[in-house]
There are 2 protein chains.
Amino acid sequence: MKCLTKSAEDKIKEAAIKVFLEKGFDGTTTRDIAKEAGVNSALMNYYFRSKEKLFLAIFDEMFQLFFQGVLEIFNKPDSLEDKIIGMIDYDFESCKVNPDLTNFIINELHRNPERSIINYPIKQLCDHSLFAQQLKVSIDEGRIANVDIRHLLLVMKSNIQFLFQTKIMTMKIWNMTENEFNVYADRHKIIVKDMILNYLFSSQK
Amino acid sequence: MKCLTKSAEDKIKEAAIKVFLEKGFDGTTTRDIAKEAGVNSALMNYYFRSKEKLFLAIFDEMFQLFFQGVLEIFNKPDSLEDKIIGMIDYDFESCKVNPDLTNFIINELHRNPERSIINYPIKQLCDHSLFAQQLKVSIDEGRIANVDIRHLLLVMKSNIQFLFQTKIMTMKIWNMTENEFNVYADRHKIIVKDMILNYLFSSQK
DNA sequence: AACAATTTTAATCAATTGATTAAAATTGTT
DNA sequence: AACAATTTTAATCAATTGATTAAAATTGTT
């Protein structure tokens with residue numbers, strides 16, 4: 001981003017991110033993307049060769065974004081408890097900023113696992129994280145419940161992501177306004193934090 | 001289903017359920033459905049008038065199926081604790097039988113909220129359920145944590161549905177086989193049950 | 001300024017899509 | 001059996017889709 005005017009390639013990529021996330025691969029036409037980018041529709045093929053290649057160019061990036069909260073906090077010098085709280089807060093805010101992301105990742109992986117290739121080494125980054133180490137020590141010392149890191153991460157992600165994934169459904173079912181949903185979501189976050197921390201720290205079994 | 005041979009209309013509807021759930025509205029062509037049903041592709045329009053009307057004919061039914069576990073257990077004569085366990089078990093098994101359902105409902109509501117109309121009165125059925133009443137009594141008597149039914153239901157659904165929604169992602173990230181995932185899922189169910197019951201029953205606050 | 005390389009455009013392509021039509025086949029009723 | 005109503009079929013439609021092409025415009029280099 002060293003020039004003031006974005007290159008056509010960047011404009012297409014940014015437009016692709018926006019439209020793909022909104023409508024999914026199947027619901028997106030190459031003309032949608034060109035229009036959103038404000039470029040001639042043949043340019044998409046000039047720079048990216050095909051709709052599928054353009055999709056590939058953005059998918060892994062979006063996948064990384066999906067795990068950014070976890071990854072950023074993994075190696076901070078905070079306590080285990082603070083990290084768990086931090087990850088939940090981070091995911092919560094991310095879902096507000098980027099409401100289509102979770103659905104996009106899950107749906108594309110579900111619809112076309114072969115196309116949606118993941119290059120990002122989550123497992124390695126996780127296994128070698130300070131977080132994993134802190135968790136192991138805490139378990140060994142009997143300070144928290146014996147729970148594998150994969151289950152812990154999933155519980156955190158499930159409760160926040162699903163809350164926002166089902167936002168429209170929730171609003172329809174319970175007759176909520178946008179504001180009422182926000183209150184509901186804030187309350188839910190508190191419950192989820194309590195529930196997870198309570199499970200980990202006060203129920204040695 | 002009083003005749004041995006299914007009517008074309010039924011065959012189309014069944015095929016529509018299968019294909020729509022697999023590929024979503026955008027990813028499905030009317031020819032896909034006709035082929036799956038084994039009927040001439042013009043028959044779809046003869047019986048349902050359009051792709052969208054056929055979609056509407058199955059969406060509400062699928063939405064109902066999504067909540068079937070909860071609804072079936074709501075008014076059973078079991079204890080609150082048994083019902084919570086029962087709902088988790090039911091959802092867990094449903095996700096195995098119908099792995100596309102959660103994604104379908106969430107994604108279609110997300111993609112096109114206007115098209116995906118919900119007629120099923122979840123709120124009424126919930127508010128007037130024995131479950132809601134049991135929950136209220138237990139809270140009033142101080143036997144469980146003070147948590148609104150909407151949060152409780154969401155926590156149960158989140159942790160099970162998201163587990164299966166992210167099955168492919170989980171298997172890719174952690175390098176799991178199908179069998180390893182099943183072990184992982186079984187273990188996760190136990191953790192989720194423990195966590196929820198523990199939060200409700202042993203942490204009055 | 002002259003030229004080559006790169007980028008952008010308008011026009012167009014074949015394939016696919018949701019949908020319609022008119023005729024054919026089947027079914028039910030008298 | 002004769003007939004009308006219903007169901008099914010093959011053929012076809014216009015619109016949309018991802019992609020290509022050849023020419024035009026722009027940019028960078030000498």
# chains A, B, ... in the order shown; residues from 1 in each chain; ligands from 1

$ calpha_fit_and_write --fixed "chain B" --moving "chain A" --output "short mmCIF file (atom, residue, chain, number, x, y, z; two decimals) with C-alpha atoms, in the first residue's frame"
data_model
loop_
_atom_site.label_atom_id
_atom_site.label_comp_id
_atom_site.auth_asym_id
_atom_site.auth_seq_id
_atom_site.Cartn_x
_atom_site.Cartn_y
_atom_site.Cartn_z
CA MET A 1 -47.68 -42.68 2.18
CA LYS A 2 -50.65 -44.92 1.56
CA CYS A 3 -49.47 -46.13 -1.82
CA LEU A 4 -46.46 -48.25 -2.59
CA THR A 5 -45.07 -45.99 -5.29
CA LYS A 6 -44.25 -42.47 -4.25
CA SER A 7 -45.95 -39.69 -6.18
CA ALA A 8 -43.80 -37.46 -8.36
CA GLU A 9 -44.55 -34.58 -6.05
CA ASP A 10 -43.18 -36.48 -3.06
CA LYS A 11 -40.15 -37.63 -5.01
CA ILE A 12 -39.37 -34.04 -5.97
CA LYS A 13 -39.79 -32.82 -2.42
CA GLU A 14 -37.56 -35.53 -1.01
CA ALA A 15 -34.96 -34.86 -3.68
CA ALA A 16 -35.18 -31.15 -2.96
CA ILE A 17 -34.52 -31.75 0.74
CA LYS A 18 -31.51 -33.85 -0.08
CA VAL A 19 -29.97 -31.55 -2.68
CA PHE A 20 -30.81 -28.24 -1.01
CA LEU A 21 -29.30 -29.46 2.27
CA GLU A 22 -26.18 -30.64 0.51
CA LYS A 23 -25.54 -27.73 -1.82
CA GLY A 24 -27.61 -24.86 -0.47
CA PHE A 25 -30.09 -22.79 -2.45
CA ASP A 26 -27.45 -21.06 -4.58
CA GLY A 27 -25.49 -24.23 -5.28
CA THR A 28 -28.54 -26.20 -6.34
CA THR A 29 -29.93 -26.26 -9.87
CA THR A 30 -33.46 -27.34 -10.64
CA ARG A 31 -31.95 -29.98 -12.90
CA ASP A 32 -30.01 -31.38 -9.91
CA ILE A 33 -33.27 -31.89 -8.10
CA ALA A 34 -35.07 -33.41 -11.08
CA LYS A 35 -32.20 -35.81 -11.64
CA GLU A 36 -32.08 -36.81 -7.97
CA ALA A 37 -35.85 -37.36 -8.04
CA GLY A 38 -35.66 -39.23 -11.34
CA VAL A 39 -38.33 -37.14 -13.00
CA ASN A 40 -38.54 -34.83 -15.97
CA SER A 41 -37.17 -31.43 -15.09
CA ALA A 42 -40.36 -29.64 -16.09
CA LEU A 43 -42.27 -31.46 -13.37
CA MET A 44 -40.64 -29.35 -10.70
CA ASN A 45 -42.33 -26.28 -12.10
CA TYR A 46 -45.59 -28.14 -12.69
CA TYR A 47 -45.88 -29.02 -9.00
CA PHE A 48 -44.08 -26.18 -7.26
CA ARG A 49 -44.12 -23.32 -9.81
CA SER A 50 -40.54 -22.20 -9.10
CA LYS A 51 -37.26 -23.11 -7.45
CA GLU A 52 -37.95 -20.57 -4.71
CA LYS A 53 -41.45 -21.94 -3.98
CA LEU A 54 -40.01 -25.45 -3.76
CA PHE A 55 -37.42 -24.14 -1.34
CA LEU A 56 -40.11 -22.53 0.79
CA ALA A 57 -42.01 -25.82 0.79
CA ILE A 58 -39.14 -27.55 2.55
CA PHE A 59 -37.46 -24.83 4.61
CA ASP A 60 -39.94 -24.53 7.43
CA GLU A 61 -40.04 -28.31 7.72
CA MET A 62 -36.26 -28.40 8.07
CA PHE A 63 -36.35 -25.59 10.59
CA GLN A 64 -38.76 -27.60 12.69
CA LEU A 65 -36.46 -30.61 12.43
CA PHE A 66 -33.62 -28.45 13.69
CA PHE A 67 -35.51 -27.86 16.94
CA GLN A 68 -37.16 -31.25 17.17
CA GLY A 69 -34.96 -32.54 19.99
CA VAL A 70 -35.66 -29.58 22.20
CA LEU A 71 -39.37 -29.60 21.44
CA GLU A 72 -39.86 -33.31 22.02
CA ILE A 73 -38.21 -33.22 25.40
CA PHE A 74 -39.73 -29.96 26.66
CA ASN A 75 -42.86 -31.51 28.13
CA LYS A 76 -41.67 -34.93 29.18
CA PRO A 77 -42.12 -35.84 32.86
CA ASP A 78 -38.37 -35.93 33.50
CA SER A 79 -36.30 -33.84 35.86
CA LEU A 80 -34.61 -30.68 34.66
CA GLU A 81 -31.22 -32.34 34.77
CA ASP A 82 -32.40 -35.35 32.78
CA LYS A 83 -33.97 -33.09 30.19
CA ILE A 84 -30.77 -31.14 29.70
CA ILE A 85 -28.85 -34.37 29.28
CA GLY A 86 -31.57 -35.68 26.97
CA MET A 87 -31.50 -32.59 24.76
CA ILE A 88 -27.75 -32.74 24.41
CA ASP A 89 -27.87 -36.42 23.54
CA TYR A 90 -30.68 -35.87 21.06
CA ASP A 91 -28.88 -33.03 19.27
CA PHE A 92 -25.70 -35.05 19.24
CA GLU A 93 -27.35 -38.00 17.52
CA SER A 94 -29.29 -35.74 15.15
CA CYS A 95 -26.08 -34.14 13.97
CA LYS A 96 -24.71 -37.56 13.12
CA VAL A 97 -27.84 -38.62 11.23
CA ASN A 98 -28.32 -35.31 9.47
CA PRO A 99 -24.90 -33.68 9.16
CA ASP A 100 -26.00 -30.96 6.72
CA LEU A 101 -29.00 -29.64 8.62
CA THR A 102 -27.40 -27.12 10.98
CA ASN A 103 -25.32 -25.59 8.27
CA PHE A 104 -28.27 -25.42 5.91
CA ILE A 105 -30.55 -23.62 8.35
CA ILE A 106 -27.93 -21.15 9.51
CA ASN A 107 -26.58 -20.46 6.06
CA GLU A 108 -29.93 -19.94 4.35
CA LEU A 109 -31.15 -17.66 7.12
CA HIS A 110 -27.89 -15.79 6.83
CA ARG A 111 -27.84 -15.58 3.05
CA ASN A 112 -31.45 -14.66 2.49
CA PRO A 113 -33.43 -13.84 5.63
CA GLU A 114 -36.42 -12.65 3.60
CA ARG A 115 -36.72 -15.89 1.68
CA SER A 116 -36.20 -18.15 4.66
CA ILE A 117 -39.46 -17.62 6.46
CA ILE A 118 -40.02 -19.26 9.83
CA ASN A 119 -43.60 -20.11 10.67
CA TYR A 120 -42.87 -22.44 13.53
CA PRO A 121 -43.79 -20.85 16.88
CA ILE A 122 -40.70 -21.83 18.87
CA LYS A 123 -41.12 -19.00 21.36
CA GLN A 124 -44.67 -19.93 22.34
CA LEU A 125 -43.86 -23.63 22.62
CA CYS A 126 -40.86 -22.75 24.71
CA ASP A 127 -42.52 -20.24 27.03
CA HIS A 128 -45.40 -22.59 27.79
CA SER A 129 -43.28 -25.68 28.23
CA LEU A 130 -42.91 -27.72 31.37
CA PHE A 131 -39.19 -27.21 30.93
CA ALA A 132 -39.52 -23.43 31.25
CA GLN A 133 -41.64 -23.92 34.33
CA GLN A 134 -39.17 -26.34 35.91
CA LEU A 135 -36.36 -23.91 35.22
CA LYS A 136 -38.23 -21.03 36.85
CA VAL A 137 -39.06 -23.03 39.96
CA SER A 138 -35.50 -24.25 40.33
CA ILE A 139 -34.16 -20.73 40.06
CA ASP A 140 -36.73 -19.32 42.47
CA GLU A 141 -35.86 -21.99 44.99
CA GLY A 142 -32.19 -21.14 44.58
CA ARG A 143 -31.29 -24.65 43.46
CA ILE A 144 -29.63 -23.58 40.23
CA ALA A 145 -27.89 -20.53 38.82
CA ASN A 146 -30.16 -17.77 37.58
CA VAL A 147 -30.00 -18.20 33.85
CA ASP A 148 -32.62 -17.28 31.28
CA ILE A 149 -33.99 -20.18 29.22
CA ARG A 150 -32.75 -18.55 26.01
CA HIS A 151 -29.17 -18.60 27.23
CA LEU A 152 -29.45 -22.15 28.48
CA LEU A 153 -30.84 -23.44 25.20
CA LEU A 154 -28.21 -21.56 23.25
CA VAL A 155 -25.38 -22.97 25.33
CA MET A 156 -26.63 -26.51 24.77
CA LYS A 157 -27.11 -26.00 21.04
CA SER A 158 -23.87 -24.07 20.50
CA ASN A 159 -21.62 -26.68 21.98
CA ILE A 160 -23.09 -29.62 20.10
CA GLN A 161 -24.00 -28.04 16.76
CA PHE A 162 -20.70 -26.20 16.41
CA LEU A 163 -18.78 -29.37 17.20
CA PHE A 164 -20.30 -31.02 14.14
CA GLN A 165 -20.43 -27.90 12.00
CA THR A 166 -16.67 -27.67 12.26
CA LYS A 167 -16.07 -31.40 11.82
CA ILE A 168 -14.20 -31.08 8.54
CA MET A 169 -12.18 -28.13 9.82
CA THR A 170 -11.33 -30.01 13.00
CA MET A 171 -10.25 -33.09 11.11
CA LYS A 172 -8.06 -30.99 8.81
CA ILE A 173 -6.50 -28.91 11.56
CA TRP A 174 -5.71 -31.68 14.01
CA ASN A 175 -5.06 -34.35 11.40
CA MET A 176 -7.85 -36.65 12.53
CA THR A 177 -9.36 -39.70 10.91
CA GLU A 178 -13.12 -40.25 10.98
CA ASN A 179 -12.70 -42.60 13.94
CA GLU A 180 -10.51 -40.20 15.84
CA PHE A 181 -13.10 -37.51 15.33
CA ASN A 182 -15.81 -39.73 16.76
CA VAL A 183 -13.76 -40.36 19.87
CA TYR A 184 -13.10 -36.63 20.10
CA ALA A 185 -16.79 -35.85 19.71
CA ASP A 186 -17.82 -38.36 22.38
CA ARG A 187 -15.31 -36.88 24.79
CA HIS A 188 -16.48 -33.38 23.94
CA LYS A 189 -20.07 -34.28 24.69
CA ILE A 190 -19.07 -35.43 28.17
CA ILE A 191 -17.17 -32.21 28.79
CA VAL A 192 -20.08 -30.08 27.60
CA LYS A 193 -22.56 -31.93 29.79
CA ASP A 194 -20.28 -31.61 32.81
CA MET A 195 -19.64 -27.98 32.13
CA ILE A 196 -23.28 -27.01 31.75
CA LEU A 197 -24.57 -29.05 34.67
CA ASN A 198 -21.70 -27.91 36.80
CA TYR A 199 -22.47 -24.29 35.97
CA LEU A 200 -26.16 -24.67 36.70
CA PHE A 201 -26.14 -26.88 39.76
CA SER A 202 -22.98 -26.11 41.68
CA SER A 203 -22.34 -22.42 41.31
CA GLN A 204 -25.08 -20.38 42.96
CA LYS A 205 -24.21 -16.75 42.52
#

$ select_by_dssp --residues "stretch 15-200 of chain A" --states "alpha helix (DSSP H)" --output "PyMOL selection string"
chain A and resi 15-27+30-37+42-48+51-66+68-74+80-97+101-111+122-127+130-140+149-165+167-174+178-200

$ interface_residues --of "chain D" --to "chain B" --cutoff "12 Å" --atoms "only C-alpha atoms (C1' of nucleotides)" --output "list in words"
DT6, DT7, DT8, DT9, DA10 and DA11 of chain D

$ atom_distance --atom1 "atom C1' of C:DT12" --atom2 "atom C1' of D:DT26"
23.8 Å

$ residues_around --residues "C:DC3" --least-positions-apart "4" --cutoff "12 Å" --atoms "only C-alpha atoms (C1' of nucleotides)" --output "NGL selection string"
:D and (27-30)

$ decode --residues "stretch 5-26 of chain D" --atoms "N, CA, C and O atoms (P, O5', C5', C4', C3', O3' and C1' of nucleotides)" --output "PDB file, in the first residue's frame"
ATOM      1  P    DA D   5     -62.759 -31.373 -18.208  1.00  0.00           P
ATOM      2  O5'  DA D   5     -61.693 -32.065 -17.259  1.00  0.00           O
ATOM      3  C5'  DA D   5     -62.123 -32.922 -16.209  1.00  0.00           C
ATOM      4  C4'  DA D   5     -60.918 -33.474 -15.471  1.00  0.00           C
ATOM      5  C3'  DA D   5     -59.865 -32.424 -15.132  1.00  0.00           C
ATOM      6  O3'  DA D   5     -59.444 -32.612 -13.793  1.00  0.00           O
ATOM      7  C1'  DA D   5     -58.869 -34.173 -16.395  1.00  0.00           C
ATOM      8  P    DT D   6     -58.350 -31.660 -13.143  1.00  0.00           P
ATOM      9  O5'  DT D   6     -57.060 -32.609 -13.193  1.00  0.00           O
ATOM     10  C5'  DT D   6     -57.118 -33.909 -12.624  1.00  0.00           C
ATOM     11  C4'  DT D   6     -55.877 -34.685 -13.014  1.00  0.00           C
ATOM     12  C3'  DT D   6     -54.558 -34.012 -12.629  1.00  0.00           C
ATOM     13  O3'  DT D   6     -53.866 -34.878 -11.745  1.00  0.00           O
ATOM     14  C1'  DT D   6     -54.480 -34.858 -14.846  1.00  0.00           C
ATOM     15  P    DT D   7     -52.481 -34.409 -11.074  1.00  0.00           P
ATOM     16  O5'  DT D   7     -51.414 -35.079 -12.056  1.00  0.00           O
ATOM     17  C5'  DT D   7     -51.415 -36.481 -12.222  1.00  0.00           C
ATOM     18  C4'  DT D   7     -50.465 -36.869 -13.325  1.00  0.00           C
ATOM     19  C3'  DT D   7     -48.997 -36.461 -13.112  1.00  0.00           C
ATOM     20  O3'  DT D   7     -48.228 -37.645 -13.160  1.00  0.00           O
ATOM     21  C1'  DT D   7     -49.698 -35.958 -15.317  1.00  0.00           C
ATOM     22  P    DT D   8     -46.658 -37.622 -12.783  1.00  0.00           P
ATOM     23  O5'  DT D   8     -45.987 -37.500 -14.217  1.00  0.00           O
ATOM     24  C5'  DT D   8     -46.138 -38.572 -15.137  1.00  0.00           C
ATOM     25  C4'  DT D   8     -45.579 -38.183 -16.484  1.00  0.00           C
ATOM     26  C3'  DT D   8     -44.120 -37.712 -16.478  1.00  0.00           C
ATOM     27  O3'  DT D   8     -43.337 -38.711 -17.122  1.00  0.00           O
ATOM     28  C1'  DT D   8     -45.477 -36.406 -17.942  1.00  0.00           C
ATOM     29  P    DT D   9     -41.755 -38.538 -17.268  1.00  0.00           P
ATOM     30  O5'  DT D   9     -41.617 -37.916 -18.731  1.00  0.00           O
ATOM     31  C5'  DT D   9     -42.193 -38.594 -19.847  1.00  0.00           C
ATOM     32  C4'  DT D   9     -42.093 -37.716 -21.087  1.00  0.00           C
ATOM     33  C3'  DT D   9     -40.712 -37.125 -21.327  1.00  0.00           C
ATOM     34  O3'  DT D   9     -40.069 -37.869 -22.361  1.00  0.00           O
ATOM     35  C1'  DT D   9     -42.462 -35.530 -21.738  1.00  0.00           C
ATOM     36  P    DA D  10     -38.514 -37.669 -22.672  1.00  0.00           P
ATOM     37  O5'  DA D  10     -38.567 -36.631 -23.891  1.00  0.00           O
ATOM     38  C5'  DA D  10     -39.439 -36.884 -24.989  1.00  0.00           C
ATOM     39  C4'  DA D  10     -39.433 -35.680 -25.924  1.00  0.00           C
ATOM     40  C3'  DA D  10     -38.042 -35.155 -26.286  1.00  0.00           C
ATOM     41  O3'  DA D  10     -38.022 -34.834 -27.676  1.00  0.00           O
ATOM     42  C1'  DA D  10     -39.306 -33.433 -25.265  1.00  0.00           C
ATOM     43  P    DA D  11     -36.729 -34.206 -28.361  1.00  0.00           P
ATOM     44  O5'  DA D  11     -37.138 -32.668 -28.476  1.00  0.00           O
ATOM     45  C5'  DA D  11     -38.441 -32.315 -28.957  1.00  0.00           C
ATOM     46  C4'  DA D  11     -38.621 -30.815 -28.901  1.00  0.00           C
ATOM     47  C3'  DA D  11     -37.373 -30.015 -29.292  1.00  0.00           C
ATOM     48  O3'  DA D  11     -37.713 -29.066 -30.287  1.00  0.00           O
ATOM     49  C1'  DA D  11     -38.209 -29.272 -27.188  1.00  0.00           C
ATOM     50  P    DT D  12     -36.627 -28.075 -30.893  1.00  0.00           P
ATOM     51  O5'  DT D  12     -36.833 -26.761 -30.001  1.00  0.00           O
ATOM     52  C5'  DT D  12     -38.154 -26.315 -29.726  1.00  0.00           C
ATOM     53  C4'  DT D  12     -38.102 -25.223 -28.683  1.00  0.00           C
ATOM     54  C3'  DT D  12     -36.980 -24.199 -28.894  1.00  0.00           C
ATOM     55  O3'  DT D  12     -37.560 -22.970 -29.261  1.00  0.00           O
ATOM     56  C1'  DT D  12     -37.267 -24.788 -26.598  1.00  0.00           C
ATOM     57  P    DC D  13     -36.632 -21.711 -29.627  1.00  0.00           P
ATOM     58  O5'  DC D  13     -36.768 -20.776 -28.355  1.00  0.00           O
ATOM     59  C5'  DC D  13     -38.060 -20.533 -27.809  1.00  0.00           C
ATOM     60  C4'  DC D  13     -37.931 -19.699 -26.553  1.00  0.00           C
ATOM     61  C3'  DC D  13     -36.793 -18.700 -26.631  1.00  0.00           C
ATOM     62  O3'  DC D  13     -37.325 -17.399 -26.803  1.00  0.00           O
ATOM     63  C1'  DC D  13     -36.751 -19.948 -24.559  1.00  0.00           C
ATOM     64  P    DA D  14     -36.378 -16.215 -27.312  1.00  0.00           P
ATOM     65  O5'  DA D  14     -36.001 -15.486 -25.953  1.00  0.00           O
ATOM     66  C5'  DA D  14     -37.008 -15.190 -24.996  1.00  0.00           C
ATOM     67  C4'  DA D  14     -36.352 -14.885 -23.664  1.00  0.00           C
ATOM     68  C3'  DA D  14     -35.249 -13.827 -23.732  1.00  0.00           C
ATOM     69  O3'  DA D  14     -35.336 -13.013 -22.573  1.00  0.00           O
ATOM     70  C1'  DA D  14     -34.342 -15.841 -22.892  1.00  0.00           C
ATOM     71  P    DA D  15     -34.371 -11.763 -22.364  1.00  0.00           P
ATOM     72  O5'  DA D  15     -33.519 -12.272 -21.114  1.00  0.00           O
ATOM     73  C5'  DA D  15     -34.196 -12.876 -20.026  1.00  0.00           C
ATOM     74  C4'  DA D  15     -33.183 -13.344 -18.999  1.00  0.00           C
ATOM     75  C3'  DA D  15     -32.012 -12.402 -18.781  1.00  0.00           C
ATOM     76  O3'  DA D  15     -31.805 -12.248 -17.393  1.00  0.00           O
ATOM     77  C1'  DA D  15     -31.215 -14.568 -19.373  1.00  0.00           C
ATOM     78  P    DT D  16     -30.616 -11.327 -16.833  1.00  0.00           P
ATOM     79  O5'  DT D  16     -29.517 -12.409 -16.395  1.00  0.00           O
ATOM     80  C5'  DT D  16     -29.934 -13.554 -15.664  1.00  0.00           C
ATOM     81  C4'  DT D  16     -28.770 -14.516 -15.534  1.00  0.00           C
ATOM     82  C3'  DT D  16     -27.447 -13.857 -15.136  1.00  0.00           C
ATOM     83  O3'  DT D  16     -26.984 -14.501 -13.966  1.00  0.00           O
ATOM     84  C1'  DT D  16     -27.150 -15.338 -16.973  1.00  0.00           C
ATOM     85  P    DT D  17     -25.698 -13.963 -13.209  1.00  0.00           P
ATOM     86  O5'  DT D  17     -24.570 -14.967 -13.684  1.00  0.00           O
ATOM     87  C5'  DT D  17     -24.705 -16.363 -13.422  1.00  0.00           C
ATOM     88  C4'  DT D  17     -23.643 -17.122 -14.175  1.00  0.00           C
ATOM     89  C3'  DT D  17     -22.257 -16.513 -14.071  1.00  0.00           C
ATOM     90  O3'  DT D  17     -21.562 -17.129 -13.016  1.00  0.00           O
ATOM     91  C1'  DT D  17     -22.755 -17.294 -16.303  1.00  0.00           C
ATOM     92  P    DG D  18     -20.155 -16.516 -12.553  1.00  0.00           P
ATOM     93  O5'  DG D  18     -19.087 -17.235 -13.474  1.00  0.00           O
ATOM     94  C5'  DG D  18     -18.921 -18.644 -13.408  1.00  0.00           C
ATOM     95  C4'  DG D  18     -17.949 -19.081 -14.480  1.00  0.00           C
ATOM     96  C3'  DG D  18     -16.549 -18.480 -14.354  1.00  0.00           C
ATOM     97  O3'  DG D  18     -15.585 -19.497 -14.637  1.00  0.00           O
ATOM     98  C1'  DG D  18     -17.471 -17.884 -16.454  1.00  0.00           C
ATOM     99  P    DA D  19     -14.015 -19.150 -14.660  1.00  0.00           P
ATOM    100  O5'  DA D  19     -13.731 -18.760 -16.174  1.00  0.00           O
ATOM    101  C5'  DA D  19     -14.053 -19.694 -17.203  1.00  0.00           C
ATOM    102  C4'  DA D  19     -13.858 -19.052 -18.554  1.00  0.00           C
ATOM    103  C3'  DA D  19     -12.492 -18.383 -18.757  1.00  0.00           C
ATOM    104  O3'  DA D  19     -11.724 -19.180 -19.639  1.00  0.00           O
ATOM    105  C1'  DA D  19     -14.292 -17.096 -19.690  1.00  0.00           C
ATOM    106  P    DT D  20     -10.257 -18.716 -20.105  1.00  0.00           P
ATOM    107  O5'  DT D  20     -10.515 -18.014 -21.514  1.00  0.00           O
ATOM    108  C5'  DT D  20     -11.317 -18.685 -22.476  1.00  0.00           C
ATOM    109  C4'  DT D  20     -11.439 -17.815 -23.730  1.00  0.00           C
ATOM    110  C3'  DT D  20     -10.120 -17.230 -24.230  1.00  0.00           C
ATOM    111  O3'  DT D  20      -9.981 -17.565 -25.595  1.00  0.00           O
ATOM    112  C1'  DT D  20     -11.769 -15.539 -24.074  1.00  0.00           C
ATOM    113  P    DT D  21      -8.595 -17.355 -26.351  1.00  0.00           P
ATOM    114  O5'  DT D  21      -8.901 -16.115 -27.301  1.00  0.00           O
ATOM    115  C5'  DT D  21     -10.107 -16.071 -28.055  1.00  0.00           C
ATOM    116  C4'  DT D  21     -10.315 -14.668 -28.596  1.00  0.00           C
ATOM    117  C3'  DT D  21      -9.038 -13.991 -29.062  1.00  0.00           C
ATOM    118  O3'  DT D  21      -9.096 -13.761 -30.453  1.00  0.00           O
ATOM    119  C1'  DT D  21     -10.366 -12.525 -27.726  1.00  0.00           C
ATOM    120  P    DA D  22      -7.773 -13.555 -31.306  1.00  0.00           P
ATOM    121  O5'  DA D  22      -7.994 -12.089 -31.871  1.00  0.00           O
ATOM    122  C5'  DA D  22      -9.309 -11.623 -32.182  1.00  0.00           C
ATOM    123  C4'  DA D  22      -9.341 -10.117 -32.034  1.00  0.00           C
ATOM    124  C3'  DA D  22      -8.063  -9.404 -32.508  1.00  0.00           C
ATOM    125  O3'  DA D  22      -8.421  -8.214 -33.173  1.00  0.00           O
ATOM    126  C1'  DA D  22      -8.503  -8.820 -30.284  1.00  0.00           C
ATOM    127  P    DA D  23      -7.366  -7.334 -33.979  1.00  0.00           P
ATOM    128  O5'  DA D  23      -7.745  -5.853 -33.525  1.00  0.00           O
ATOM    129  C5'  DA D  23      -9.107  -5.522 -33.281  1.00  0.00           C
ATOM    130  C4'  DA D  23      -9.189  -4.481 -32.182  1.00  0.00           C
ATOM    131  C3'  DA D  23      -8.244  -3.282 -32.362  1.00  0.00           C
ATOM    132  O3'  DA D  23      -8.972  -2.082 -32.225  1.00  0.00           O
ATOM    133  C1'  DA D  23      -8.043  -4.165 -30.182  1.00  0.00           C
ATOM    134  P    DA D  24      -8.348  -0.668 -32.592  1.00  0.00           P
ATOM    135  O5'  DA D  24      -8.307   0.091 -31.196  1.00  0.00           O
ATOM    136  C5'  DA D  24      -9.486   0.167 -30.405  1.00  0.00           C
ATOM    137  C4'  DA D  24      -9.108   0.567 -28.993  1.00  0.00           C
ATOM    138  C3'  DA D  24      -8.245   1.820 -28.906  1.00  0.00           C
ATOM    139  O3'  DA D  24      -8.876   2.763 -28.064  1.00  0.00           O
ATOM    140  C1'  DA D  24      -7.305   0.057 -27.605  1.00  0.00           C
ATOM    141  P    DA D  25      -8.288   4.251 -27.892  1.00  0.00           P
ATOM    142  O5'  DA D  25      -7.544   4.123 -26.497  1.00  0.00           O
ATOM    143  C5'  DA D  25      -8.285   3.716 -25.353  1.00  0.00           C
ATOM    144  C4'  DA D  25      -7.332   3.492 -24.202  1.00  0.00           C
ATOM    145  C3'  DA D  25      -6.409   4.671 -23.915  1.00  0.00           C
ATOM    146  O3'  DA D  25      -6.612   5.079 -22.576  1.00  0.00           O
ATOM    147  C1'  DA D  25      -5.186   2.628 -23.992  1.00  0.00           C
ATOM    148  P    DT D  26      -5.872   6.396 -22.028  1.00  0.00           P
ATOM    149  O5'  DT D  26      -4.648   5.754 -21.232  1.00  0.00           O
ATOM    150  C5'  DT D  26      -4.910   4.763 -20.241  1.00  0.00           C
ATOM    151  C4'  DT D  26      -3.608   4.099 -19.853  1.00  0.00           C
ATOM    152  C3'  DT D  26      -2.513   5.055 -19.372  1.00  0.00           C
ATOM    153  O3'  DT D  26      -2.293   4.809 -17.999  1.00  0.00           O
ATOM    154  C1'  DT D  26      -1.660   3.342 -20.794  1.00  0.00           C
TER     155       DT D  26
END
